[in-house]
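Enquirer: Below: one structure in structure tokens.
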Amino acid sequence: METFIGIEIGGTKLQIVVGDQAGKIRERFRFSVAAHDGAKGIRRQLESTLIDLRKKIKPAALGVGFGGPVDWRTGKICCSHQVEGWSDFDLADWLHSLTNVPVMVDNDANVAALGEAIHGAGSGFNLVFYVTLGSGVGGGFVIDGKIFHGATPGESEIGHLRLDKSGTIAESTCSGWAVDKKIRRAISQNPNGPLAGLVGKTAGNEARFLKAALEKNDSVAEKILNETAKDLAFALSHVVHLFHPEIIVLGGGLSLVGELLRATVETHLENFVMKAFGARTKISLAKLGEDAVPVGTLELARRSFVSSAGA
């Protein structure tokens, strides 16, 4: 059985995984990203780890999920909105020079969509739309097991879909930082509620307390959830009307709120779409969780190997 290496490059974390063609992760290396070190700091971590790995294993190919716009045909990075020094960098060529194996690079949301479509909640479906609710909001669309890219540089940028004519976008209301902001505002107005008690003096990533507050039946948390789920459902209604996915998978850190988020999105979505389409799209939580991108990178690597072998 062939061995593959997968790499997830984000704005706050770097993951390198070793796995097989079934998407099973056998070994993992995780690093925090120091934004002040820029892309060069990330490349130093990558180079050091890959050199050590090459002493122990012989990978057949390498796949990468990058947190930003990518020219997936060439593996060149367009830019990163979080870490400086990536613009126009030929990541695929650089990684090939380090490993001498086929390399395939794509946007991290696309890669997560691929992971969920092949090995996660979307397995068995032909039309799989994935939305990641993390620090930002990203999307990916997989059709018959292949990532849909659209015309260059098109991607499934649902986070930038406008919710109104004034320019409000989905990311500004449904992302982790947007929910953080809603929570801070809410607890300033309700300082004695369960949500305020859970957050305490925490500054940043307040959204992680939302699930616990919901379990306490906190009305403030319920209002925030409903508002966020409604906006997300409205954005997803456009996806349903245009592409009719069989399943929409909710991933990213905010999806850890769980079934209550899924059910609330599903309820609002039914009200936003034509009745003929309403019940035909399944809403599911991501099965792979935070491993959606790493598992997707292994699948990307496998495909890169198959493609190069058949060339």
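Simple scheme: letters A, B, ... for chains in structure tokens order, numbers from 1 for residues in each chain, numbers from 1 for ligands in the order shown.
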Once DSSP has gone over the backbone, tell me which residues of stretch 47-252 of chain A are in helix (DSSP H, G or I), as a ChimeraX atom specification.
Expert: /A:47-56,91-99,108-119,158-160,171-174,176-189,194-199,206-215,219-243
Enquirer: What separation in Å, quoted to one decimal, exists between atom CA of A:Ser156 and atom CA of A:Val273?
Expert: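 It comes out at 19.3 Å.
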Enquirer: Given the choices A:Lys201, A:Leu214, A:Val142, A:Ile224, which gets closest to A:Lys182 if the distance is worked out from only C-alpha atoms?
Expert: A:Ile224
Enquirer: Could you pull the residues within 8 Å of stretch 62-79 of chain A, counting only C-alpha atoms, minus those fewer than 6 positions along the same chain, as a CSV table (one decimal) with all heavy atoms, in the first residue's frame?
Expert:
chain,number,residue,atom,x,y,z
A,4,PHE,N,1.3,8.3,1.6
A,4,PHE,CA,1.1,9.7,1.1
A,4,PHE,C,1.4,10.7,2.3
A,4,PHE,O,1.2,10.4,3.4
A,4,PHE,CB,-0.2,9.9,0.5
A,4,PHE,CG,-0.6,9.0,-0.6
A,4,PHE,CD1,-1.4,7.9,-0.4
A,4,PHE,CD2,0.0,9.2,-1.9
A,4,PHE,CE1,-1.7,7.0,-1.5
A,4,PHE,CE2,-0.2,8.3,-2.9
A,4,PHE,CZ,-1.1,7.2,-2.7
A,5,ILE,N,1.8,11.9,1.9
A,5,ILE,CA,1.9,13.0,2.9
A,5,ILE,C,0.9,14.1,2.5
A,5,ILE,O,0.7,14.4,1.3
A,5,ILE,CB,3.3,13.6,2.8
A,5,ILE,CG1,4.4,12.6,3.4
A,5,ILE,CG2,3.4,14.9,3.7
A,5,ILE,CD1,5.8,13.0,3.3
A,6,GLY,N,0.2,14.6,3.5
A,6,GLY,CA,-0.7,15.7,3.4
A,6,GLY,C,-0.3,16.8,4.2
A,6,GLY,O,0.2,16.7,5.3
A,7,ILE,N,-0.5,18.0,3.7
A,7,ILE,CA,-0.1,19.3,4.4
A,7,ILE,C,-1.3,20.2,4.5
A,7,ILE,O,-1.9,20.5,3.4
A,7,ILE,CB,1.1,20.0,3.7
A,7,ILE,CG1,2.3,19.0,3.7
A,7,ILE,CG2,1.4,21.3,4.4
A,7,ILE,CD1,3.5,19.6,2.9
A,8,GLU,N,-1.6,20.7,5.6
A,8,GLU,CA,-2.6,21.8,5.8
A,8,GLU,C,-1.9,23.1,6.3
A,8,GLU,O,-1.3,23.1,7.3
A,8,GLU,CB,-3.6,21.4,6.8
A,8,GLU,CG,-4.7,22.5,7.1
A,8,GLU,CD,-5.7,22.2,8.2
A,8,GLU,OE1,-5.5,21.1,8.8
A,8,GLU,OE2,-6.6,23.0,8.4
A,9,ILE,N,-2.0,24.1,5.4
A,9,ILE,CA,-1.3,25.4,5.8
A,9,ILE,C,-2.4,26.4,6.0
A,9,ILE,O,-3.1,26.8,5.1
A,9,ILE,CB,-0.4,25.9,4.6
A,9,ILE,CG1,0.6,24.8,4.3
A,9,ILE,CG2,0.2,27.2,5.0
A,9,ILE,CD1,1.5,25.1,3.1
A,10,GLY,N,-2.6,26.8,7.3
A,10,GLY,CA,-3.6,27.8,7.6
A,10,GLY,C,-2.9,29.1,8.1
A,10,GLY,O,-1.7,29.3,8.1
A,11,GLY,N,-3.8,30.0,8.6
A,11,GLY,CA,-3.3,31.2,9.2
A,11,GLY,C,-2.8,31.1,10.6
A,11,GLY,O,-2.0,31.9,11.1
A,86,TRP,N,3.4,34.9,0.8
A,86,TRP,CA,3.0,33.8,0.0
A,86,TRP,C,2.7,34.2,-1.4
A,86,TRP,O,2.6,33.4,-2.3
A,86,TRP,CB,1.8,33.1,0.6
A,86,TRP,CG,2.0,32.2,1.7
A,86,TRP,CD1,1.6,32.3,3.0
A,86,TRP,CD2,2.8,31.0,1.7
A,86,TRP,NE1,2.0,31.3,3.8
A,86,TRP,CE2,2.8,30.4,3.0
A,86,TRP,CE3,3.5,30.3,0.7
A,86,TRP,CZ2,3.4,29.2,3.3
A,86,TRP,CZ3,4.1,29.1,1.0
A,86,TRP,CH2,4.1,28.6,2.3
A,87,SER,N,2.4,35.5,-1.7
A,87,SER,CA,2.0,36.0,-3.0
A,87,SER,C,2.9,35.5,-4.1
A,87,SER,O,4.1,35.7,-4.1
A,87,SER,CB,1.9,37.5,-3.0
A,87,SER,OG,0.9,37.9,-2.1
A,88,ASP,N,2.2,34.8,-5.1
A,88,ASP,CA,2.9,34.3,-6.3
A,88,ASP,C,4.0,33.3,-6.0
A,88,ASP,O,4.8,33.0,-6.9
A,88,ASP,CB,3.5,35.5,-7.1
A,88,ASP,CG,2.4,36.4,-7.6
A,88,ASP,OD1,1.4,36.0,-8.0
A,88,ASP,OD2,2.7,37.7,-7.6
A,89,PHE,N,3.9,32.7,-4.8
A,89,PHE,CA,4.9,31.6,-4.5
A,89,PHE,C,4.5,30.3,-5.2
A,89,PHE,O,3.4,29.8,-5.0
A,89,PHE,CB,5.1,31.5,-3.0
A,89,PHE,CG,6.2,30.5,-2.6
A,89,PHE,CD1,7.5,30.8,-2.7
A,89,PHE,CD2,5.8,29.2,-2.2
A,89,PHE,CE1,8.5,30.0,-2.3
A,89,PHE,CE2,6.8,28.3,-1.9
A,89,PHE,CZ,8.2,28.7,-1.9
A,90,ASP,N,5.5,29.7,-5.9
A,90,ASP,CA,5.2,28.4,-6.5
A,90,ASP,C,5.4,27.3,-5.5
A,90,ASP,O,6.4,26.6,-5.4
A,90,ASP,CB,6.1,28.2,-7.7
A,90,ASP,CG,5.6,27.1,-8.7
A,90,ASP,OD1,4.9,26.2,-8.2
A,90,ASP,OD2,5.9,27.1,-9.9
A,91,LEU,N,4.3,27.0,-4.7
A,91,LEU,CA,4.4,26.0,-3.6
A,91,LEU,C,4.6,24.6,-4.1
A,91,LEU,O,5.4,23.8,-3.6
A,91,LEU,CB,3.2,26.1,-2.8
A,91,LEU,CG,3.1,25.2,-1.5
A,91,LEU,CD1,4.3,25.5,-0.6
A,91,LEU,CD2,1.8,25.4,-0.8
A,92,ALA,N,3.9,24.2,-5.2
A,92,ALA,CA,4.0,22.9,-5.7
A,92,ALA,C,5.5,22.6,-6.2
A,92,ALA,O,6.0,21.5,-5.9
A,92,ALA,CB,3.0,22.7,-6.9
A,93,ASP,N,6.0,23.5,-6.9
A,93,ASP,CA,7.4,23.3,-7.4
A,93,ASP,C,8.4,23.2,-6.3
A,93,ASP,O,9.3,22.4,-6.3
A,93,ASP,CB,7.7,24.5,-8.4
A,93,ASP,CG,9.1,24.3,-9.0
A,93,ASP,OD1,9.2,23.3,-9.9
A,93,ASP,OD2,10.0,25.0,-8.8
A,101,VAL,N,8.5,14.0,-5.5
A,101,VAL,CA,7.3,13.3,-5.8
A,101,VAL,C,6.3,14.2,-6.3
A,101,VAL,O,6.4,15.4,-6.2
A,101,VAL,CB,6.8,12.6,-4.5
A,101,VAL,CG1,7.8,11.6,-3.9
A,101,VAL,CG2,6.4,13.6,-3.4
A,102,PRO,N,5.2,13.7,-7.0
A,102,PRO,CA,4.1,14.5,-7.5
A,102,PRO,C,3.5,15.3,-6.3
A,102,PRO,O,3.3,14.8,-5.2
A,102,PRO,CB,3.2,13.5,-8.1
A,102,PRO,CG,4.0,12.3,-8.4
A,102,PRO,CD,5.0,12.2,-7.3
A,103,VAL,N,3.1,16.5,-6.6
A,103,VAL,CA,2.5,17.4,-5.6
A,103,VAL,C,1.3,18.1,-6.2
A,103,VAL,O,1.3,18.5,-7.4
A,103,VAL,CB,3.5,18.5,-5.2
A,103,VAL,CG1,2.8,19.5,-4.2
A,103,VAL,CG2,4.8,18.0,-4.6
A,104,MET,N,0.2,18.1,-5.5
A,104,MET,CA,-1.0,18.8,-5.9
A,104,MET,C,-1.5,19.7,-4.8
A,104,MET,O,-1.5,19.3,-3.6
A,104,MET,CB,-2.1,17.8,-6.2
A,104,MET,CG,-3.4,18.4,-6.9
A,104,MET,SD,-4.6,17.1,-7.4
A,104,MET,CE,-3.7,16.3,-8.8
A,105,VAL,N,-1.8,21.0,-5.1
A,105,VAL,CA,-2.1,22.0,-4.2
A,105,VAL,C,-3.5,22.6,-4.5
A,105,VAL,O,-3.8,22.8,-5.7
A,105,VAL,CB,-1.1,23.2,-4.2
A,105,VAL,CG1,-1.5,24.2,-3.2
A,105,VAL,CG2,0.3,22.7,-4.0
A,106,ASP,N,-4.3,22.8,-3.5
A,106,ASP,CA,-5.6,23.4,-3.7
A,106,ASP,C,-6.0,24.2,-2.5
A,106,ASP,O,-5.4,24.1,-1.4
A,106,ASP,CB,-6.7,22.3,-4.0
A,106,ASP,CG,-7.8,22.8,-4.9
A,106,ASP,OD1,-8.3,23.9,-4.7
A,106,ASP,OD2,-8.2,22.0,-5.8
A,107,ASN,N,-7.1,25.0,-2.6
A,107,ASN,CA,-7.6,25.8,-1.5
A,107,ASN,C,-8.1,24.8,-0.4
A,107,ASN,O,-8.6,23.8,-0.6
A,107,ASN,CB,-8.7,26.6,-2.0
A,107,ASN,CG,-9.5,27.3,-0.9
A,107,ASN,OD1,-10.5,26.8,-0.4
A,107,ASN,ND2,-9.0,28.5,-0.5
A,108,ASP,N,-7.9,25.2,0.9
A,108,ASP,CA,-8.2,24.3,2.0
A,108,ASP,C,-9.7,24.0,2.1
A,108,ASP,O,-10.0,22.8,2.5
A,108,ASP,CB,-7.7,24.9,3.3
A,108,ASP,CG,-8.2,26.3,3.7
A,108,ASP,OD1,-8.9,26.9,2.8
A,108,ASP,OD2,-8.0,26.7,4.8
A,109,ALA,N,-10.6,24.9,1.8
A,109,ALA,CA,-12.0,24.6,1.8
A,109,ALA,C,-12.4,23.5,0.7
A,109,ALA,O,-13.2,22.6,1.0
A,109,ALA,CB,-12.8,25.8,1.6
A,110,ASN,N,-11.8,23.7,-0.4
A,110,ASN,CA,-12.0,22.7,-1.5
A,110,ASN,C,-11.5,21.3,-1.0
A,110,ASN,O,-12.1,20.3,-1.3
A,110,ASN,CB,-11.2,23.1,-2.8
A,110,ASN,CG,-11.9,24.2,-3.5
A,110,ASN,OD1,-13.1,24.4,-3.4
A,110,ASN,ND2,-11.2,24.9,-4.4
A,111,VAL,N,-10.3,21.3,-0.4
A,111,VAL,CA,-9.7,20.0,0.0
A,111,VAL,C,-10.6,19.4,1.1
A,111,VAL,O,-10.8,18.2,1.2
A,111,VAL,CB,-8.3,20.3,0.5
A,111,VAL,CG1,-7.7,19.0,1.2
A,111,VAL,CG2,-7.4,20.7,-0.6
A,112,ALA,N,-11.1,20.2,2.1
A,112,ALA,CA,-12.0,19.7,3.1
A,112,ALA,C,-13.2,19.1,2.5
A,112,ALA,O,-13.7,18.1,2.9
A,112,ALA,CB,-12.3,20.8,4.1
A,152,THR,N,-11.2,30.1,-13.8
A,152,THR,CA,-10.1,30.7,-13.0
A,152,THR,C,-10.4,32.2,-12.8
A,152,THR,O,-10.7,32.9,-13.7
A,152,THR,CB,-8.8,30.5,-13.7
A,152,THR,OG1,-8.6,29.1,-13.9
A,152,THR,CG2,-7.6,31.0,-12.9
A,153,PRO,N,-10.3,32.7,-11.6
A,153,PRO,CA,-9.8,32.0,-10.3
A,153,PRO,C,-11.0,31.6,-9.5
A,153,PRO,O,-11.0,31.7,-8.3
A,153,PRO,CB,-9.0,33.1,-9.6
A,153,PRO,CG,-9.8,34.4,-10.0
A,153,PRO,CD,-10.3,34.2,-11.3
A,293,VAL,N,-9.6,18.7,6.3
A,293,VAL,CA,-8.5,19.1,5.4
A,293,VAL,C,-7.4,18.1,5.4
A,293,VAL,O,-7.0,17.7,4.3
A,293,VAL,CB,-8.0,20.5,5.8
A,293,VAL,CG1,-6.8,20.9,4.9
A,293,VAL,CG2,-9.1,21.6,5.7
A,294,PRO,N,-6.9,17.6,6.5
A,294,PRO,CA,-5.8,16.6,6.4
A,294,PRO,C,-6.2,15.3,5.6
A,294,PRO,O,-5.4,14.8,4.8
A,294,PRO,CB,-5.5,16.2,7.9
A,294,PRO,CG,-5.9,17.5,8.6
A,294,PRO,CD,-7.1,18.0,7.9
A,296,GLY,N,-8.5,15.2,3.3
A,296,GLY,CA,-8.6,15.7,2.0
A,296,GLY,C,-7.3,15.8,1.3
A,296,GLY,O,-7.2,15.5,0.1
A,297,THR,N,-6.3,16.2,2.0
A,297,THR,CA,-4.9,16.3,1.4
A,297,THR,C,-4.4,14.9,1.0
A,297,THR,O,-3.7,14.8,0.0
A,297,THR,CB,-3.9,17.0,2.3
A,297,THR,OG1,-3.7,16.2,3.5
A,297,THR,CG2,-4.4,18.4,2.7
A,298,LEU,N,-4.7,13.9,1.8
A,298,LEU,CA,-4.3,12.6,1.5
A,298,LEU,C,-5.0,12.1,0.2
A,298,LEU,O,-4.3,11.4,-0.6
A,298,LEU,CB,-4.5,11.6,2.6
A,298,LEU,CG,-3.7,11.9,3.9
A,298,LEU,CD1,-4.2,10.9,5.0
A,298,LEU,CD2,-2.2,11.7,3.7
A,299,GLU,N,-6.2,12.4,0.1
A,299,GLU,CA,-7.0,12.0,-1.1
A,299,GLU,C,-6.4,12.8,-2.3
A,299,GLU,O,-6.3,12.2,-3.4
A,299,GLU,CB,-8.5,12.4,-1.0
A,299,GLU,CG,-9.3,12.1,-2.2
A,299,GLU,CD,-9.3,10.6,-2.6
A,299,GLU,OE1,-9.1,9.7,-1.8
A,299,GLU,OE2,-9.7,10.4,-3.8
A,300,LEU,N,-6.0,14.1,-2.1
A,300,LEU,CA,-5.4,14.8,-3.2
A,300,LEU,C,-4.1,14.2,-3.6
A,300,LEU,O,-3.8,14.1,-4.8
A,300,LEU,CB,-5.2,16.3,-2.7
A,300,LEU,CG,-5.2,17.4,-3.7
A,300,LEU,CD1,-6.6,17.5,-4.4
A,300,LEU,CD2,-4.9,18.7,-3.0
A,301,ALA,N,-3.3,13.8,-2.6
A,301,ALA,CA,-2.0,13.2,-2.9
A,301,ALA,C,-2.2,11.9,-3.7
A,301,ALA,O,-1.5,11.6,-4.7
A,301,ALA,CB,-1.3,12.9,-1.6
A,302,ARG,N,-3.2,11.1,-3.3
A,302,ARG,CA,-3.5,9.8,-4.0
A,302,ARG,C,-3.8,10.1,-5.5
A,302,ARG,O,-3.3,9.4,-6.4
A,302,ARG,CB,-4.6,9.1,-3.3
A,302,ARG,CG,-4.9,7.7,-3.9
A,302,ARG,CD,-6.3,7.2,-3.4
A,302,ARG,NE,-7.4,7.9,-4.0
A,302,ARG,CZ,-7.9,7.7,-5.2
A,302,ARG,NH1,-7.3,6.8,-6.0
A,302,ARG,NH2,-8.9,8.4,-5.6
A,304,SER,N,-3.0,12.7,-7.2
A,304,SER,CA,-1.8,13.2,-7.9
A,304,SER,C,-0.9,12.0,-8.3
A,304,SER,O,-0.3,12.0,-9.4
A,304,SER,CB,-1.0,14.1,-7.0
A,304,SER,OG,0.2,14.6,-7.6
